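Enquirer: Here you go, my_file_20.txt (compact mmCIF, C-alpha atoms):
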```txt
# COMPACT_ATOMS: atom_id res chain seq x y z
CA MET K 1 -23.27 64.14 97.28
CA PHE K 2 -20.15 63.04 95.40
CA THR K 3 -18.23 59.87 96.30
CA SER K 4 -14.56 59.62 97.36
CA VAL K 5 -13.17 60.78 94.03
CA GLN K 6 -13.58 64.55 93.94
CA ARG K 7 -15.61 66.05 91.12
CA LYS K 8 -13.55 67.95 88.59
CA CYS K 9 -15.03 70.45 86.19
CA VAL K 10 -13.32 71.86 83.11
CA SER K 11 -15.03 74.47 80.95
CA SER K 12 -14.08 76.33 77.76
CA LEU K 13 -15.29 79.73 76.64
CA ASN K 14 -15.80 78.56 73.06
CA ILE K 15 -17.17 75.01 73.36
CA LEU K 16 -19.05 74.03 76.49
CA LEU K 17 -17.16 71.07 77.92
CA ARG K 18 -17.62 69.75 81.43
CA LYS K 19 -16.10 66.64 82.95
CA TYR K 20 -17.42 65.23 86.21
CA HIS K 21 -15.48 62.41 87.86
CA TYR K 22 -17.41 60.25 90.27
CA GLN K 23 -16.03 57.13 91.91
CA TYR K 24 -17.55 54.67 89.45
CA VAL K 25 -18.59 56.74 86.45
CA ILE K 26 -17.10 59.48 84.29
CA CYS K 27 -19.49 62.16 83.07
CA ASN K 28 -18.64 64.35 80.06
CA GLU K 29 -20.83 67.19 78.79
CA SER K 30 -20.23 68.71 75.38
CA ASN K 31 -22.46 70.49 72.84
CA GLY K 32 -25.71 69.47 74.50
CA THR K 33 -24.81 65.84 75.17
CA ARG K 34 -24.02 64.30 78.54
CA GLU K 35 -22.16 61.01 78.21
CA ILE K 36 -22.06 58.89 81.35
CA ILE K 37 -19.37 56.21 81.18
CA LEU K 38 -19.44 53.19 83.50
CA ASN K 39 -15.88 53.02 84.79
CA ASP K 40 -15.29 49.94 86.92
CA GLU K 41 -13.62 47.44 84.59
CA ARG K 42 -12.25 45.54 87.58
CA THR K 43 -15.76 44.24 88.35
CA LYS K 44 -16.91 44.27 84.69
CA ASN K 45 -18.84 47.46 85.44
CA SER K 46 -21.08 45.66 87.90
CA LEU K 47 -24.06 47.57 89.23
CA SER K 48 -22.91 47.83 92.81
CA LEU K 49 -24.78 50.16 95.13
CA ASN K 50 -22.08 52.77 94.64
CA MET K 51 -22.21 52.42 90.87
CA MET K 52 -26.00 52.78 90.86
CA ASN K 53 -25.82 55.82 93.15
CA ASP K 54 -23.31 57.47 90.82
CA LEU K 55 -25.44 56.69 87.76
CA ILE K 56 -28.58 58.11 89.38
CA GLU K 57 -26.78 61.28 90.41
CA ALA K 58 -25.23 61.74 86.96
CA ILE K 59 -28.54 61.17 85.14
CA ASN K 60 -30.47 63.52 87.42
CA ALA K 61 -27.88 66.32 87.52
CA ASN K 62 -29.19 69.71 86.34
CA LYS K 63 -32.38 68.23 84.89
CA ASP K 64 -33.79 71.68 84.09
CA ASP K 65 -30.73 72.82 82.13
CA ILE K 66 -32.18 73.31 78.64
CA SER K 67 -28.70 73.14 77.10
CA ILE K 68 -28.67 69.37 77.80
CA ARG K 69 -30.51 67.64 74.96
CA ALA K 70 -29.53 63.97 75.32
CA ILE K 71 -27.84 61.54 77.71
CA VAL K 72 -25.66 58.67 76.51
CA LEU K 73 -24.79 55.67 78.68
CA SER K 74 -21.59 53.89 77.67
CA ALA K 75 -18.91 51.84 79.38
CA LYS K 76 -15.18 51.21 79.48
CA GLY K 77 -13.96 47.75 78.56
CA ASN K 78 -15.51 44.89 76.60
CA VAL K 79 -18.30 44.30 79.15
CA PHE K 80 -20.90 47.05 79.29
CA SER K 81 -22.16 45.69 82.60
CA ALA K 82 -22.19 42.24 84.19
CA GLY K 83 -25.21 43.13 86.33
CA HIS K 84 -25.44 43.31 90.10
CA ASN K 85 -22.33 42.79 92.17
CA LEU K 86 -23.16 39.42 93.73
CA LYS K 87 -20.68 39.96 96.57
CA GLU K 88 -23.04 42.61 97.94
CA PHE K 89 -25.73 39.96 98.46
CA GLN K 90 -23.62 38.24 101.12
CA THR K 91 -24.13 40.22 104.32
CA ASN K 92 -25.24 39.56 107.88
CA ASN K 93 -28.52 41.38 107.40
CA GLU K 94 -29.22 39.73 104.06
CA LYS K 95 -32.90 40.45 103.40
CA GLU K 96 -32.62 44.16 104.17
CA GLN K 97 -29.50 44.40 102.01
CA HIS K 98 -31.27 42.58 99.17
CA ARG K 99 -34.26 44.93 99.37
CA LEU K 100 -31.91 47.92 99.35
CA ILE K 101 -30.12 46.69 96.19
CA PHE K 102 -33.28 46.00 94.19
CA ARG K 103 -34.93 49.21 95.39
CA LYS K 104 -31.88 51.14 94.22
CA ALA K 105 -32.00 49.37 90.85
CA THR K 106 -35.63 50.41 90.44
CA GLU K 107 -34.67 53.99 91.33
CA LEU K 108 -32.01 53.86 88.60
CA ILE K 109 -34.52 52.68 85.99
CA GLN K 110 -36.98 55.36 87.10
CA SER K 111 -34.32 58.03 86.66
CA ILE K 112 -33.96 56.97 83.02
CA ILE K 113 -37.71 56.91 82.37
CA GLN K 114 -38.28 60.23 84.13
CA SER K 115 -35.35 62.01 82.52
CA PRO K 116 -36.64 64.99 80.51
CA VAL K 117 -34.24 64.16 77.66
CA PRO K 118 -33.72 60.94 75.69
CA VAL K 119 -31.34 58.42 77.26
CA ILE K 120 -29.40 56.38 74.71
CA ALA K 121 -27.44 53.23 75.53
CA LYS K 122 -24.21 53.01 73.51
CA VAL K 123 -23.09 49.40 73.85
CA ASN K 124 -19.88 47.80 72.65
CA GLY K 125 -19.63 44.46 74.42
CA LEU K 126 -21.68 42.27 76.74
CA ALA K 127 -24.69 43.48 78.73
CA THR K 128 -25.91 40.80 81.07
CA ALA K 129 -28.53 40.38 83.84
CA ALA K 130 -29.19 43.79 85.45
CA GLY K 131 -26.79 45.26 82.88
CA CYS K 132 -29.16 44.03 80.19
CA GLN K 133 -32.04 45.50 82.20
CA LEU K 134 -30.23 48.83 82.23
CA VAL K 135 -29.76 49.06 78.46
CA ALA K 136 -33.25 47.70 77.73
CA SER K 137 -34.68 50.48 79.91
CA CYS K 138 -33.03 53.24 77.87
CA ASP K 139 -35.07 55.06 75.26
CA MET K 140 -32.82 53.70 72.52
CA LEU K 141 -30.05 51.12 72.32
CA ILE K 142 -27.31 51.48 69.71
CA CYS K 143 -24.77 48.65 69.71
CA THR K 144 -21.86 47.21 67.78
CA ASP K 145 -22.27 44.05 65.73
CA THR K 146 -20.16 42.07 68.21
CA SER K 147 -22.24 43.01 71.27
CA ARG K 148 -24.25 40.37 73.11
CA PHE K 149 -27.12 40.41 75.60
CA SER K 150 -28.19 37.88 78.22
CA THR K 151 -30.20 37.27 81.38
CA PRO K 152 -28.40 34.22 82.85
CA GLY K 153 -29.56 34.51 86.46
CA ALA K 154 -31.25 31.08 86.51
CA ASN K 155 -27.82 29.52 85.93
CA PHE K 156 -26.83 30.79 89.38
CA GLY K 157 -30.12 30.10 91.14
CA ILE K 158 -31.40 33.69 90.87
CA PHE K 159 -34.01 34.09 88.12
CA CYS K 160 -33.66 37.43 86.31
CA SER K 161 -37.12 38.59 87.36
CA THR K 162 -36.52 42.34 87.40
CA PRO K 163 -34.38 42.31 84.23
CA GLY K 164 -37.25 40.37 82.68
CA ILE K 165 -39.55 43.35 83.24
CA ALA K 166 -37.46 45.51 80.91
CA ILE K 167 -36.76 42.68 78.46
CA GLY K 168 -40.43 41.66 78.34
CA ARG K 169 -41.42 45.21 77.41
CA SER K 170 -38.85 45.35 74.63
CA VAL K 171 -39.02 42.00 72.84
CA PRO K 172 -41.70 39.40 71.98
CA LYS K 173 -42.66 36.91 74.68
CA SER K 174 -40.94 33.92 73.07
CA LYS K 175 -37.61 35.75 72.79
CA ALA K 176 -37.87 37.09 76.36
CA MET K 177 -38.64 33.62 77.72
CA TYR K 178 -35.80 32.10 75.72
CA MET K 179 -33.36 34.54 77.31
CA LEU K 180 -34.80 34.17 80.81
CA LEU K 181 -35.30 30.39 80.86
CA THR K 182 -32.10 29.27 79.10
CA GLY K 183 -29.76 32.05 80.15
CA GLU K 184 -28.24 31.92 76.67
CA SER K 185 -27.01 35.17 75.18
CA ILE K 186 -28.37 36.64 71.97
CA SER K 187 -26.31 38.37 69.31
CA ALA K 188 -26.56 42.03 68.37
CA GLN K 189 -28.41 41.05 65.20
CA GLU K 190 -30.92 38.95 67.18
CA ALA K 191 -31.35 41.88 69.57
CA TYR K 192 -32.10 44.14 66.61
CA GLU K 193 -34.51 41.72 64.95
CA SER K 194 -36.44 41.23 68.20
CA GLY K 195 -36.67 44.96 68.96
CA LEU K 196 -34.24 45.17 71.86
CA ALA K 197 -31.60 47.08 69.88
CA THR K 198 -32.49 50.17 67.86
CA LYS K 199 -29.50 49.95 65.50
CA VAL K 200 -26.51 47.68 65.02
CA VAL K 201 -23.31 49.09 63.50
CA PRO K 202 -19.63 48.17 63.15
CA VAL K 203 -17.55 49.36 66.08
CA THR K 204 -15.89 52.01 63.90
CA ASN K 205 -19.31 53.59 63.23
CA LEU K 206 -20.71 53.49 66.77
CA ASN K 207 -19.89 57.05 67.83
CA GLU K 208 -20.96 58.45 64.46
CA GLU K 209 -24.33 56.66 64.57
CA VAL K 210 -25.10 57.84 68.09
CA GLN K 211 -24.13 61.39 67.14
CA LYS K 212 -26.46 61.31 64.11
CA ILE K 213 -29.36 60.41 66.39
CA ILE K 214 -28.46 63.13 68.88
CA ASP K 215 -28.13 65.71 66.09
CA SER K 216 -31.64 64.81 64.94
CA ILE K 217 -33.01 65.16 68.50
CA LYS K 218 -31.33 68.55 68.87
CA GLN K 219 -33.32 69.89 65.91
CA LYS K 220 -36.49 69.52 67.99
CA SER K 221 -37.90 71.51 70.88
CA ARG K 222 -36.63 70.15 74.19
CA SER K 223 -39.95 70.84 75.88
CA VAL K 224 -41.86 68.98 73.17
CA ILE K 225 -39.48 66.00 73.39
CA THR K 226 -39.93 65.95 77.19
CA LEU K 227 -43.71 66.06 76.93
CA GLY K 228 -43.75 63.30 74.31
CA LYS K 229 -41.36 61.03 76.19
CA HIS K 230 -43.25 61.31 79.47
CA PHE K 231 -46.58 60.70 77.74
CA PHE K 232 -45.24 57.61 75.97
CA TYR K 233 -44.30 55.93 79.25
CA LYS K 234 -47.63 56.87 80.82
CA GLN K 235 -49.77 55.56 77.98
CA ILE K 236 -48.11 52.14 77.70
CA ARG K 237 -49.43 51.34 81.19
CA LEU K 238 -53.03 52.08 80.14
CA ASP K 239 -55.55 50.24 78.00
CA LEU K 240 -56.15 51.47 74.47
CA LEU K 241 -59.13 53.76 75.08
CA GLU K 242 -57.61 55.29 78.22
CA SER K 243 -54.43 55.98 76.24
CA TYR K 244 -56.40 57.82 73.57
CA LYS K 245 -58.31 59.82 76.15
CA LEU K 246 -55.07 60.94 77.79
CA GLY K 247 -53.52 61.48 74.37
CA GLU K 248 -56.24 63.94 73.40
CA GLU K 249 -55.38 66.13 76.38
CA ILE K 250 -51.65 65.86 75.74
CA MET K 251 -52.09 66.90 72.10
CA VAL K 252 -54.14 69.94 73.16
CA ASP K 253 -51.50 70.88 75.74
CA ASN K 254 -48.75 70.41 73.15
CA ILE K 255 -50.38 72.62 70.52
CA ASN K 256 -50.88 75.38 73.10
CA MET K 257 -47.24 75.37 74.26
CA ASN K 258 -45.03 78.17 72.96
CA ASP K 259 -43.10 75.74 70.81
CA GLY K 260 -46.28 74.04 69.64
CA LYS K 261 -47.53 77.36 68.32
CA GLU K 262 -44.12 78.16 66.83
CA GLY K 263 -43.98 74.80 65.08
CA ILE K 264 -47.33 75.32 63.35
CA LYS K 265 -46.49 78.92 62.48
CA SER K 266 -43.10 78.01 60.99
CA PHE K 267 -44.67 75.22 58.93
CA VAL K 268 -47.30 77.58 57.49
CA GLU K 269 -44.65 80.22 56.82
CA LYS K 270 -42.31 77.63 55.24
CA ARG K 271 -39.32 78.39 57.48
CA LYS K 272 -37.26 76.68 60.12
CA PRO K 273 -38.75 76.92 63.62
CA SER K 274 -37.08 79.01 66.29
CA TRP K 275 -37.55 77.04 69.48
CA SER K 276 -37.82 78.68 72.90
CA HIS K 277 -37.87 75.21 74.55
CA LYS K 278 -41.02 76.25 76.40
```
Rewrite the structure from the file as structure tokens, please.
Expert:
Amino acid sequence: MFTSVQRKCVSSLNILLRKYHYQYVICNESNGTREIILNDERTKNSLSLNMMNDLIEAINANKDDISIRAIVLSAKGNVFSAGHNLKEFQTNNEKEQHRLIFRKATELIQSIIQSPVPVIAKVNGLATAAGCQLVASCDMLICTDTSRFSTPGANFGIFCSTPGIAIGRSVPKSKAMYMLLTGESISAQEAYESGLATKVVPVTNLNEEVQKIIDSIKQKSRSVITLGKHFFYKQIRLDLLESYKLGEEIMVDNINMNDGKEGIKSFVEKRKPSWSHK
């Protein structure tokens, strides 16, 4: 269900272009890419309940539409996201409200992980606390060389425990603990060197770099990308031998998919594959 700002949709006969306006995000679709733009500069794009609801709806929209090949998360302003809106923690029924907020944040992260297409964070600015959790949970993070990342919750008496889950699965323990225990921000270069950021580029190259990655993804079968992404997140929860056991079955399933067969056939015949996305 859309929020108070009515959804608007514009389409062209030549180039598929759709624009969806939610209350807190703007969603543009063009040439197989859905870009979801956090649009609440007034609160530094804080992850309020309404913002998270809009993000979840925009990520999950038309999940079976094979024309959508990638999702990009970006933001207006020089702060990608300042994290949770702390004003929402001050209510009469505090514990229930707190549970609702963190449950919604988990739902948002799950929507990224379970998305059938890659979700790429395009960051130009500061991502902090739950905002850092959000970008760390994306499949890839492309940022400008002036971007910064932090988990400063301990400074305000609220340790960044849930952001630490995403950070701790992206960077080495010592770097994660440095961010969580000191609250100090790390630079884009530090984020890249520790594995949090996929690529760091000048601001003038940000859109071009993200587009290069999307163009590469679009050369692949959507169904194969979906299978591979879902398997990756399953196997990292398992021990090594269990991962291999599951991987054997996934590889067999993959090879017997329509596009698995087409991929092998096109390789043998020395031609470009013609994907059915099945």
Enquirer: Kindly compute an axis-aligned box around the listed atoms of segment 131-141 of chain K, allowing 6 Å on each side, and express its centre and edge lengths in Å to one decimal as lines of an AutoDock Vina configuration file.
Expert:
```
center_x = -30.9
center_y = 49.5
center_z = 77.6
size_x = 20.3
size_y = 23.0
size_z = 22.6
```
Enquirer: Report, in Å with one decimal, the straight-line distance from atom CA of Thr151 of chain K to atom CA of Ile101 of chain K.
Expert: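 Atom CA of Thr151 of chain K sits 17.6 Å away from atom CA of Ile101 of chain K.
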Enquirer: Contacts between segment 38-44 of chain K and segment 73-162 of chain K, please, where a residue of segment 73-162 of chain K counts if it comes within 9 Å (with all atoms listed in the file); show its shortest atom pair and distance in Å to one decimal, rows by chain and ascending number, as a Markdown table.
Expert:
```
| residue | atom | partner | partner_atom | distance |
| --- | --- | --- | --- | --- |
| K:Leu73 | CA | K:Leu38 | CA | 7.6 |
| K:Ser74 | CA | K:Leu38 | CA | 6.3 |
| K:Ala75 | CA | K:Leu38 | CA | 4.4 |
| K:Lys76 | CA | K:Asn39 | CA | 5.7 |
| K:Gly77 | CA | K:Glu41 | CA | 6.0 |
| K:Asn78 | CA | K:Lys44 | CA | 8.2 |
| K:Val79 | CA | K:Lys44 | CA | 5.7 |
| K:Phe80 | CA | K:Lys44 | CA | 7.3 |
| K:Ser81 | CA | K:Lys44 | CA | 5.8 |
| K:Ala82 | CA | K:Lys44 | CA | 5.7 |
| K:Gly83 | CA | K:Lys44 | CA | 8.5 |
| K:Asn85 | CA | K:Thr43 | CA | 7.7 |
```
Enquirer: For Ser48 of chain K, which residue out of K:Asn62, K:Ser243, K:Gln219, K:Gln23 is the nearest one, using all atoms listed in the file?
Expert: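 Answer, going by the shortest atom-to-atom distance: K:Gln23.
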Enquirer: Which residues of segment 60-166 of chain K have any atom within 10 Å of an atom in segment 225-239 of chain K when counting only C-alpha atoms, and what is the closest pair of atoms for each, with the distance in Å to one decimal? Order the rows by chain and rising number and write it as a tab-separated table.
Expert:
```
residue	atom	partner	partner_atom	distance
K:Arg69	CA	K:Ile225	CA	9.3
K:Ile113	CA	K:Tyr233	CA	7.4
K:Gln114	CA	K:His230	CA	6.9
K:Ser115	CA	K:Thr226	CA	8.1
K:Pro116	CA	K:Thr226	CA	4.8
K:Val117	CA	K:Thr226	CA	6.0
K:Pro118	CA	K:Lys229	CA	7.7
K:Asp139	CA	K:Lys229	CA	8.7
```
Enquirer: What's the 9 Å shell around Ala154 of chain K, counting only C-alpha atoms, without same-chain residues fewer than 4 positions away, as JSON, numbers by chain?
Expert: {"K": [158, 159, 160, 180, 181, 182, 183]}
Enquirer: Return the single residue from K:Asn254, K:Ser46, K:Ser276, K:Ser137 that is closest to Ser67 of chain K, with distances computed using all atoms listed in the file.
Expert: K:Ser276
Enquirer: Regenerate segment 19-40 of chain K at the level of N, CA and C atoms and dump it as an mmCIF file, in the coordinates of the input.
Expert:
```cif
data_model
loop_
_atom_site.group_PDB
_atom_site.id
_atom_site.type_symbol
_atom_site.label_atom_id
_atom_site.label_comp_id
_atom_site.auth_asym_id
_atom_site.auth_seq_id
_atom_site.Cartn_x
_atom_site.Cartn_y
_atom_site.Cartn_z
ATOM 1 N N LYS K 19 -16.416 68.023 82.588
ATOM 2 C CA LYS K 19 -16.100 66.640 82.950
ATOM 3 C C LYS K 19 -16.317 66.474 84.439
ATOM 4 N N TYR K 20 -17.149 65.514 84.806
ATOM 5 C CA TYR K 20 -17.420 65.230 86.210
ATOM 6 C C TYR K 20 -16.893 63.829 86.514
ATOM 7 N N HIS K 21 -16.021 63.711 87.491
ATOM 8 C CA HIS K 21 -15.480 62.410 87.860
ATOM 9 C C HIS K 21 -16.109 61.957 89.174
ATOM 10 N N TYR K 22 -16.873 60.895 89.084
ATOM 11 C CA TYR K 22 -17.410 60.250 90.270
ATOM 12 C C TYR K 22 -16.485 59.063 90.595
ATOM 13 N N GLN K 23 -16.872 58.269 91.562
ATOM 14 C CA GLN K 23 -16.030 57.130 91.910
ATOM 15 C C GLN K 23 -16.133 56.025 90.871
ATOM 16 N N TYR K 24 -17.344 55.807 90.345
ATOM 17 C CA TYR K 24 -17.550 54.670 89.450
ATOM 18 C C TYR K 24 -17.991 55.048 88.052
ATOM 19 N N VAL K 25 -18.246 56.305 87.792
ATOM 20 C CA VAL K 25 -18.590 56.740 86.450
ATOM 21 C C VAL K 25 -17.830 58.017 86.105
ATOM 22 N N ILE K 26 -17.641 58.220 84.806
ATOM 23 C CA ILE K 26 -17.100 59.480 84.290
ATOM 24 C C ILE K 26 -18.216 60.142 83.508
ATOM 25 N N CYS K 27 -18.395 61.426 83.715
ATOM 26 C CA CYS K 27 -19.490 62.160 83.070
ATOM 27 C C CYS K 27 -18.904 63.317 82.266
ATOM 28 N N ASN K 28 -19.098 63.279 80.950
ATOM 29 C CA ASN K 28 -18.640 64.350 80.060
ATOM 30 C C ASN K 28 -19.833 65.068 79.459
ATOM 31 N N GLU K 29 -19.791 66.391 79.447
ATOM 32 C CA GLU K 29 -20.830 67.190 78.790
ATOM 33 C C GLU K 29 -20.194 68.013 77.688
ATOM 34 N N SER K 30 -20.755 67.938 76.489
ATOM 35 C CA SER K 30 -20.230 68.710 75.380
ATOM 36 C C SER K 30 -21.316 68.912 74.339
ATOM 37 N N ASN K 31 -21.534 70.162 73.926
ATOM 38 C CA ASN K 31 -22.460 70.490 72.840
ATOM 39 C C ASN K 31 -23.845 69.868 73.025
ATOM 40 N N GLY K 32 -24.352 69.921 74.242
ATOM 41 C CA GLY K 32 -25.710 69.470 74.500
ATOM 42 C C GLY K 32 -25.861 68.007 74.840
ATOM 43 N N THR K 33 -24.756 67.276 74.870
ATOM 44 C CA THR K 33 -24.810 65.840 75.170
ATOM 45 C C THR K 33 -24.073 65.546 76.470
ATOM 46 N N ARG K 34 -24.694 64.789 77.339
ATOM 47 C CA ARG K 34 -24.020 64.300 78.540
ATOM 48 C C ARG K 34 -23.760 62.806 78.354
ATOM 49 N N GLU K 35 -22.513 62.429 78.304
ATOM 50 C CA GLU K 35 -22.160 61.010 78.210
ATOM 51 C C GLU K 35 -21.706 60.519 79.569
ATOM 52 N N ILE K 36 -22.371 59.479 80.047
ATOM 53 C CA ILE K 36 -22.060 58.890 81.350
ATOM 54 C C ILE K 36 -21.409 57.536 81.081
ATOM 55 N N ILE K 37 -20.159 57.390 81.512
ATOM 56 C CA ILE K 37 -19.370 56.210 81.180
ATOM 57 C C ILE K 37 -19.179 55.352 82.433
ATOM 58 N N LEU K 38 -19.684 54.122 82.406
ATOM 59 C CA LEU K 38 -19.440 53.190 83.500
ATOM 60 C C LEU K 38 -17.955 52.890 83.537
ATOM 61 N N ASN K 39 -17.339 53.026 84.718
ATOM 62 C CA ASN K 39 -15.880 53.020 84.790
ATOM 63 C C ASN K 39 -15.392 52.155 85.951
ATOM 64 N N ASP K 40 -15.765 50.877 85.900
ATOM 65 C CA ASP K 40 -15.290 49.940 86.920
ATOM 66 C C ASP K 40 -14.976 48.606 86.233
#
```
